[in-house]
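Below is one structure; the comments refer to it alone.
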Amino acid sequence: MYYPVGWPRMLSLPQESGTDPIRVSANRDRILVALLTQDSILIWYAKPCVPIISHRRSPQSVSELGTNLLVCWRPDSSMIAVATSGGHIIFYNLVVLTDLKSLYEQEDPTNQALRRESAELYFKENVPPLVFSQAFEVPIPGGITDMASIRDDLMIATEDGHILRYLWDGQVNRDYCLDLRRIPFCVDQQVLRAVPLVEEAHVTSLSYSPLLGGFAIVLSDGRAAFLVANTLKFDPNSVQGIWAGGVEDVTCTALNHKYRLIAFGRQNSQGVVFSIDESTGGLEMSHQLILPTKDYPGCPGPVTALRWTPDSTSLALVWAVGGFSIWSTFGTMIMCSLGWDHGATDNISKSPYNIQDMDWSAEGYQMWVVNSTTRQFTGKKDKEFCPFPSETEKEEEKPDFSSHLGDNVLVIPFVKSPLTVNPAMAANDQLYLQGEDRLYINTGDTGVSQKKEALDKIGSIINDMADGTPLPDFNPPPSNHQSSHTKQWTIVSIPHAYISSSWPIRYTACDSTGHWMAVAGRTGLAYYNDHSKKWKLFGNETQEKDFIVTGGVLWWKDFLVIGCFNISANRDEVRLYPREARLENAYCTIEEVDAQVLLLNRLGDRLVVYCANSHISLYQLTLDESNPMLAILSKVQDVDASALSIHPACVVSITLTHLKTEARQRSGEGRDSTDRSISSADDSASLIMNVSGKLVLIQRERGSGDEMLYSPPTVLAGSCEQVWLPATANREKPHLTLALWLYCGAAGMRVWLPLFPREGESSHAFMARRIMLHFPLNNIYPLAILFEDALMLGVENDTQLFPETSSSSPSSLPFCTLQRVSEVYLQQLLRQLIRRNLGQHAWEIASSCSKLPYFQHSLELLLHSVLEEEATSKDPIPDALLPSVVDFIRSFPVYRETVVRCTRKTEVALWPYLFAAVGSPKDLFSDCLEMGELNTASSYLLVLQSLEPASVARQHATQLLDAALDSGHWKLAKELIRFLRAIDPDECEELASPRMSQILPPFSSPVSPPHAEVEDLSLVLGTLVGPRTRSISINQPPKTGSPPDPPIHPTLSRSASEKGPKLKRMSNSSSHNTSRDAGTAEEFFIDVILARHARKLLTAGKMADLGTFQANLEYPLVSWLRREQHRAGQVDDFVWAVKMIHQDFDWPWPGDSGGRSRADQGNALVEDNMRQLYIDTGVPRQHMQMDSGYLSQGGARPVRQSDLSLLSEQTVDAMLRMRDRPLDQR
């Protein structure tokens, strides 16, 4: 959900002859960033990216206390602690100077030409003037390995196995210091089985989470554990360690507060994430972070750093060999820099990045990284496996593995999905991303379903215009920009007047039409109209700075709904701003709430608000009848949900829905309640909450009285990252638009699908009303789902390489771009339903989607996935799914085309397994001919060419050629003629027997088949073998005097390509003629077919079709007509011939009755038609007496009776070769 864009920025540290940077750390607000070098500390402001203060220690201090090692902020950003290699902690106080308003003052030069005229050249951000004061140091016994801040204390891990607790004034809190040797460790929280640490080990990495209630530690021997206590004070007597099982090579750790996860990095370049088992209190493995081989075919070294994003939705992971990757909460890899195109640089052995430390800035839009020249890991050379051996084997090569970016600090820009902070946007199908100061909107056409509706409506309007009816008010359907296959993004920059003082953007919202975008930064808000391309800002800047959006943004009709904190009144509110009015508080509706708003969502006109006091409030949204610019909020109910979560911050999302569980459906209204339109909100709406990845359904039902009560919660799924619910239900596609969609990271997608009972079904069918389906997603991270179009939309990174200006410049890195990706999910649902013997429901879903342009492609993917899985399986499959899938696809008209498309894209070795289920390709070819599917039959012809002898392929090609000629498929006929001419006649004679298909065994056969002898049988069967007078082979016939017959099985004989060149006997007298015998026979065979079709057209009187036949296939029609002049070309019925010519060419008939004027008019019409005809003989006039036989007559010579047949040939020839005369010759 986080994607890098553009090039990173390289910081220029304001130091002369400074040392290399080693650490970077942002404060809690992530506005201030501390950079630590070996002898100094610098404080930077995130936006604008400028330095504030720098402090360098004296050489004497460095020699006495050691070089800088670690840095840690105090939670209130008033102090910074720096650990040194000599075992000391240096405390720095940060003080803001009150006599200065801002650290940087902008002044224009005296030269008028250099003065700034644009407002964007002025930044309104006041950079605080910070200074260091009262720096003091504290010696730490035992040496420092890591430190972390816990409320008002500083926890310091030492090399002697202690975790010391210091106050920020430098005093040690000895009562709460921990000794690892005194802490009992166990696999869970059962103290009776806990054992103290016996081995000599100390903590190398330390991380604290208040929502998890403990510390994650990494020991020096590679083991990892989690320290918990009964109280938040961490009394040493109550602290217990819980082992992370299955890992003994841990290098680093990071904690996820919102999802309550513990991530560890390992030496084998993998990551592992644990969660806390609520039943036993132990650590259970949630998922692993394994780098796919397609992105990096090797080991990138140990994991050196892990950092969760500020919203806890993504994890950044860094390897020692260089490069980084971004992973979703539950283990989906979103991007990896090792797979980028770095040009001539060897990605495997040398990566441009060599990140030593990193941290995220405000809202995760920037990742600050410390790059180092010297790499910690350069790879290990495996002596047993060396695919590219060294040319110089004697002298060992020492390549340069240094990073060309040098020892610098880089700032990598990112964009993210709005779902990370505003889960209410899951109800929309718009795909866009938000950056720190701009929006990335994917442009394109409307969706398939909406596009069809728009075309139908436009067609009806055009028909109404033709009838003279007035035009109705037509509003095109919402353009969701999703159906296009473009990489182009529309970048909408946020106005500098707003972003300069409200950086960064926190929340964004898009309405259902995709034309209105709202953004909310540090203070205030603004929104954008896509039609007018204009932004609307607060006219009063004081009102804009007066509130902070804290709980999300969403659109309801023509109103913008926000949850905010009123700074001046010191209270939390829910506000509604009308988008048609000016953006002022005088036009907004304000509803005060009891605590800070954390989440907003709506279902129709019902608004749900989740606050920091764990209370859920439901409001009814209505319009004022007297004033349509005024909205009214009516509170319906308030529910205490504190028992569902440990902390309100652990609630990821909240949604209103009409979905119900199985028991509630059976006891309630049945199918009617499920089939109800989702857009209608009433009191029976249930709640779906995502609490730390656990999806909980809280149903609402009517109690004994009229009061609506909430039932106990039901857990639907775990490890849930995103939840999608359709905004409206479509009765034509009820399964897809009434389903609950869950994305669970590495576990894939889960769909809670409704199953509607068939009419007349018995009540004893015991069929479930809903079923949870699961299928993997390997090529896409879904950000939006088009329910009616059966599409999932996502984004992936693409890179572009520009000419390198400097090897140490960030422009030498690949330029990161964004690409929209989509994936059809229909075949996944169908496969899961067929596997569960729910074929009827699968057929209903497929039938509702049969009009989609990629429906056949979905069936092809379904067949191919099942075929490839079962045909290549080494284990026996007693309940194979392929026959059921074939029967399912057979129920659709595109069955034959789907099978042949799948066949053409599958390996030939799998064809026998496929056709054993679908039937013989000959039968399918014949079915295609009967149904008139000639293009599909041509594809089967290519399959037959690979499976059958050449004679069979020629026979079927002949049948297809006849059908193509009869139906007028001239392009296909031309290809078939070329196909027939390419067949070697020798193959038709040699391979007369059909190629026998062989069903491959599910196991691999040996290289050479064993030859069973009598001795081998006696070894196995013992005395069951009778006496033999002579030992002969069991599977070979006895040798006789006659030579053995050639093997019949094609696998036992040499293939045609292995038999060597064929030698043709050539006579001395007519060598040229005999070498062309085979080709002449094939030409004669094709000419017979074409002549037969031409004779059929001629005898039927279809002159136009005969001319088209000659023009497309270049058939020598004139010479053929000369040969056929006394046979098929003989005209016996001239009246019929004239009628057919007039009918075929649509010629008008002359007048048959009436006065002389009418006859003259008819004759004039005929003369005009004849005058417009142009006869092209293709030869000059002096050579007219040629193959055509058309004689030019100089004078008016009477036609003899003996020339009638020749004249008919001339007439036919003229008709076939006529075309319209050019305009300039008329």
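Residues are named by chain letter and number: chains run A, B, ... in the order of the structure tokens, numbers start at 1 in each chain, and ligands are numbered from 1 in the order shown.
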Counting only C-alpha atoms, what is within 8 Å of Pro776 in chain A, bar same-chain residues fewer than 4 positions away, as a list in words?
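The residues satisfying every condition are Ala746, Ala747, Gly748 and Met749 of chain A.
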Take the residues that were just selected and, keeping C-alpha atoms, output them as a PDB file, in the first residue's frame.
```pdb
ATOM      1  CA  ALA A 746      -0.078 -13.747   2.360  1.00  0.00           C
ATOM      2  CA  ALA A 747      -3.136 -15.933   3.071  1.00  0.00           C
ATOM      3  CA  GLY A 748      -4.868 -14.449   0.012  1.00  0.00           C
ATOM      4  CA  MET A 749      -8.444 -13.330  -0.506  1.00  0.00           C
TER       5      MET A 749
END
```
Give me, as a short mmCIF file (atom, residue, chain, number, x, y, z; two decimals) with C-alpha atoms, in the first residue's frame, all polymer residues having an atom no more than 6 Å from Leu656 in chain A, counting only C-alpha atoms and skipping those fewer than 5 positions away in the same chain.
```cif
data_model
loop_
_atom_site.label_atom_id
_atom_site.label_comp_id
_atom_site.auth_asym_id
_atom_site.auth_seq_id
_atom_site.Cartn_x
_atom_site.Cartn_y
_atom_site.Cartn_z
CA LEU A 603 -24.47 2.97 4.97
CA SER A 686 -25.17 -4.90 11.74
CA LEU A 687 -21.63 -3.78 12.52
#
```
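Nearest-residue note for Trp489 in chain A: choosing from A:Gln819, A:Ile334, A:Ile688, A:Trp503, the minimum distance belongs to A:Gln819, counting only C-alpha atoms.
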8 Å contact set for range 272-280 of chain A, only C-alpha atoms, chain neighbours under 3 positions out, as an mmCIF file with C-alpha atoms, in the first residue's frame:
```cif
data_model
loop_
_atom_site.group_PDB
_atom_site.id
_atom_site.type_symbol
_atom_site.label_atom_id
_atom_site.label_comp_id
_atom_site.auth_asym_id
_atom_site.auth_seq_id
_atom_site.Cartn_x
_atom_site.Cartn_y
_atom_site.Cartn_z
ATOM 1 C CA ASP A 188 3.707 -19.284 27.122
ATOM 2 C CA GLN A 189 2.597 -17.449 30.249
ATOM 3 C CA GLN A 190 2.312 -20.539 32.437
ATOM 4 C CA ALA A 244 9.564 -17.012 20.000
ATOM 5 C CA ARG A 260 -0.340 -6.154 17.891
ATOM 6 C CA LEU A 261 2.334 -7.986 15.920
ATOM 7 C CA ILE A 262 6.008 -8.706 16.643
ATOM 8 C CA ALA A 263 8.342 -8.827 13.640
ATOM 9 C CA PHE A 264 11.837 -10.348 13.703
ATOM 10 C CA GLY A 265 14.566 -10.257 11.076
ATOM 11 C CA ARG A 266 16.734 -13.343 10.550
ATOM 12 C CA LEU A 283 3.757 -16.312 20.753
ATOM 13 C CA GLU A 284 2.336 -18.024 17.683
ATOM 14 C CA MET A 285 3.763 -17.514 14.208
ATOM 15 C CA SER A 286 1.468 -15.392 12.086
ATOM 16 C CA HIS A 287 3.366 -15.459 8.783
ATOM 17 C CA GLN A 288 6.824 -15.350 7.235
ATOM 18 C CA LEU A 289 8.440 -12.763 5.000
#
```
Within 12 Å of Ile491 in chain A, counting only C-alpha atoms, which residues show up once you throw out same-chain ones fewer than 6 positions away? Write them as a PyMOL selection string, please.
chain A and resi 415+432-435+437-443+530+533+818
May I have the residues from that selection written out with all heavy atoms, as a compact mmCIF listing (two decimals), in the first residue's frame?
```
# COMPACT_ATOMS: atom_id res chain seq x y z
N VAL A 415 4.08 7.34 -2.01
CA VAL A 415 2.64 7.59 -2.03
C VAL A 415 1.97 6.36 -1.44
O VAL A 415 2.56 5.27 -1.40
CB VAL A 415 2.13 7.86 -3.46
CG1 VAL A 415 2.70 9.14 -4.01
CG2 VAL A 415 2.44 6.69 -4.38
N TYR A 432 -7.15 5.63 -6.67
CA TYR A 432 -6.28 6.78 -6.61
C TYR A 432 -5.34 6.62 -5.42
O TYR A 432 -5.59 5.81 -4.51
CB TYR A 432 -7.07 8.10 -6.51
CG TYR A 432 -7.74 8.34 -5.17
CD1 TYR A 432 -7.13 9.13 -4.20
CD2 TYR A 432 -8.97 7.78 -4.86
CE1 TYR A 432 -7.73 9.36 -2.97
CE2 TYR A 432 -9.58 8.00 -3.64
CZ TYR A 432 -8.96 8.79 -2.70
OH TYR A 432 -9.55 9.01 -1.49
N LEU A 433 -4.26 7.37 -5.44
CA LEU A 433 -3.26 7.34 -4.38
C LEU A 433 -3.04 8.76 -3.90
O LEU A 433 -3.24 9.73 -4.64
CB LEU A 433 -1.94 6.74 -4.87
CG LEU A 433 -2.00 5.31 -5.41
CD1 LEU A 433 -0.66 4.91 -6.01
CD2 LEU A 433 -2.41 4.33 -4.33
N GLN A 434 -2.60 8.87 -2.66
CA GLN A 434 -2.37 10.19 -2.09
C GLN A 434 -0.90 10.34 -1.71
O GLN A 434 -0.28 9.43 -1.16
CB GLN A 434 -3.25 10.42 -0.86
CG GLN A 434 -3.02 9.45 0.29
CD GLN A 434 -4.01 9.66 1.42
OE1 GLN A 434 -5.22 9.60 1.20
NE2 GLN A 434 -3.52 9.89 2.62
N GLY A 435 -0.36 11.50 -2.06
CA GLY A 435 1.00 11.85 -1.69
C GLY A 435 1.00 12.95 -0.66
O GLY A 435 -0.05 13.37 -0.15
N ASP A 437 1.69 16.05 -1.07
CA ASP A 437 1.17 17.33 -1.55
C ASP A 437 0.44 17.20 -2.88
O ASP A 437 0.24 18.19 -3.57
CB ASP A 437 2.30 18.35 -1.68
CG ASP A 437 3.40 17.87 -2.61
OD1 ASP A 437 3.32 16.72 -3.06
OD2 ASP A 437 4.34 18.65 -2.87
N ARG A 438 0.04 15.96 -3.25
CA ARG A 438 -0.64 15.77 -4.53
C ARG A 438 -1.42 14.47 -4.51
O ARG A 438 -1.23 13.62 -3.63
CB ARG A 438 0.37 15.76 -5.68
CG ARG A 438 1.36 14.61 -5.63
CD ARG A 438 2.54 14.88 -6.52
NE ARG A 438 3.27 16.06 -6.07
CZ ARG A 438 4.24 16.63 -6.77
NH1 ARG A 438 4.56 16.18 -7.96
NH2 ARG A 438 4.88 17.69 -6.29
N LEU A 439 -2.31 14.33 -5.49
CA LEU A 439 -3.12 13.13 -5.65
C LEU A 439 -2.79 12.49 -6.99
O LEU A 439 -2.60 13.18 -8.00
CB LEU A 439 -4.61 13.47 -5.60
CG LEU A 439 -5.13 14.11 -4.31
CD1 LEU A 439 -6.60 14.47 -4.47
CD2 LEU A 439 -4.94 13.19 -3.12
N TYR A 440 -2.72 11.16 -7.01
CA TYR A 440 -2.49 10.39 -8.22
C TYR A 440 -3.78 9.67 -8.57
O TYR A 440 -4.17 8.72 -7.88
CB TYR A 440 -1.36 9.38 -8.02
CG TYR A 440 0.02 10.00 -7.88
CD1 TYR A 440 0.40 10.64 -6.71
CD2 TYR A 440 0.93 9.96 -8.93
CE1 TYR A 440 1.65 11.21 -6.58
CE2 TYR A 440 2.19 10.52 -8.81
CZ TYR A 440 2.54 11.15 -7.63
OH TYR A 440 3.79 11.72 -7.51
N ILE A 441 -4.45 10.11 -9.63
CA ILE A 441 -5.73 9.55 -10.05
C ILE A 441 -5.53 8.82 -11.36
O ILE A 441 -4.99 9.37 -12.32
CB ILE A 441 -6.80 10.66 -10.20
CG1 ILE A 441 -6.91 11.48 -8.91
CG2 ILE A 441 -8.15 10.06 -10.57
CD1 ILE A 441 -7.84 12.66 -9.01
N ASN A 442 -5.95 7.56 -11.40
CA ASN A 442 -5.82 6.78 -12.62
C ASN A 442 -6.90 7.19 -13.60
O ASN A 442 -8.08 7.21 -13.27
CB ASN A 442 -5.91 5.29 -12.30
CG ASN A 442 -5.67 4.43 -13.51
OD1 ASN A 442 -6.57 3.72 -13.96
ND2 ASN A 442 -4.48 4.49 -14.06
N THR A 443 -6.51 7.50 -14.83
CA THR A 443 -7.45 7.96 -15.84
C THR A 443 -7.77 6.83 -16.79
O THR A 443 -7.00 5.90 -16.98
CB THR A 443 -6.85 9.13 -16.64
OG1 THR A 443 -5.63 8.69 -17.23
CG2 THR A 443 -6.59 10.30 -15.74
N ASP A 530 -13.53 17.93 -10.29
CA ASP A 530 -12.86 17.44 -11.50
C ASP A 530 -13.43 18.07 -12.76
O ASP A 530 -12.73 18.16 -13.77
CB ASP A 530 -13.00 15.91 -11.56
CG ASP A 530 -12.26 15.32 -12.73
OD1 ASP A 530 -11.04 15.57 -12.84
OD2 ASP A 530 -12.88 14.63 -13.56
N LYS A 533 -11.98 21.66 -12.64
CA LYS A 533 -10.54 21.64 -12.37
C LYS A 533 -10.14 22.75 -11.39
O LYS A 533 -9.06 23.33 -11.49
CB LYS A 533 -9.74 21.80 -13.67
CG LYS A 533 -10.13 20.85 -14.79
CD LYS A 533 -9.86 19.42 -14.43
CE LYS A 533 -10.22 18.48 -15.57
NZ LYS A 533 -10.02 17.05 -15.23
N LEU A 818 4.41 4.53 -11.34
CA LEU A 818 3.28 3.74 -10.87
C LEU A 818 2.55 3.15 -12.06
O LEU A 818 2.38 3.81 -13.10
CB LEU A 818 2.31 4.60 -10.04
CG LEU A 818 2.92 5.26 -8.80
CD1 LEU A 818 1.89 6.20 -8.17
CD2 LEU A 818 3.37 4.23 -7.79
```
Using CA of Tyr610 in chain A and CA of Ile654 in chain A as the two end points, give the distance in Å to one decimal.
7.7 Å
Among the residues of range 12-202 of chain A, find those DSSP assigns to strand (DSSP E) from the backbone and print them as a count of residues only.
82
10 Å contact set for Val198 in chain A, only C-alpha atoms, chain neighbours under 3 positions out, as a VMD selection string:
chain A and resid 180 to 182 195 201
Could you work out how far CA of Phe215 in chain A lies from CA of Leu227 in chain A, giving the answer in Å with one decimal?
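Pair CA of Leu227 in chain A / CA of Phe215 in chain A returns 5.0 Å.
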With a distance cut-off of 12 Å and only C-alpha atoms, select the neighbouring residues of Thr1108 in chain A, excluding the residue or stretch itself and same-chain residues fewer than 3 positions from it, and output the selection as a ChimeraX atom specification.
/A:965,968-971,1094,1097,1102-1105,1111-1115,1117,1215-1218
Given only C-alpha atoms as the counted atoms, nearest of A:Trp7, A:Tyr498, A:Tyr104, A:Tyr353 to Ile52 in chain A
A:Tyr104
Polymer residues at most 8 Å from Tyr781 in chain A, only C-alpha atoms, same-chain spacing of 3 or more positions, as a list of chain:residue names
A:Met1, A:Thr332, A:Ile334, A:Leu777, A:Leu793, A:Gly794, A:Val795
Report, in Å to a single decimal, how far apart CA of Val172 in chain A and CA of Val24 in chain A are.
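That distance, rounded to one decimal, is 25.9 Å.
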With distances taken over only C-alpha atoms, which of A:Ser692, A:Ser337, A:Asn778, A:Asn601 is nearest to Gly745 in chain A?
A:Asn778
Which of these residues is nearest to Leu740 in chain A, using only C-alpha atoms: A:Phe815, A:Arg23, A:Pro754, A:Gly143?
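Using only C-alpha atoms, the shortest distance to Leu740 in chain A belongs to A:Pro754.
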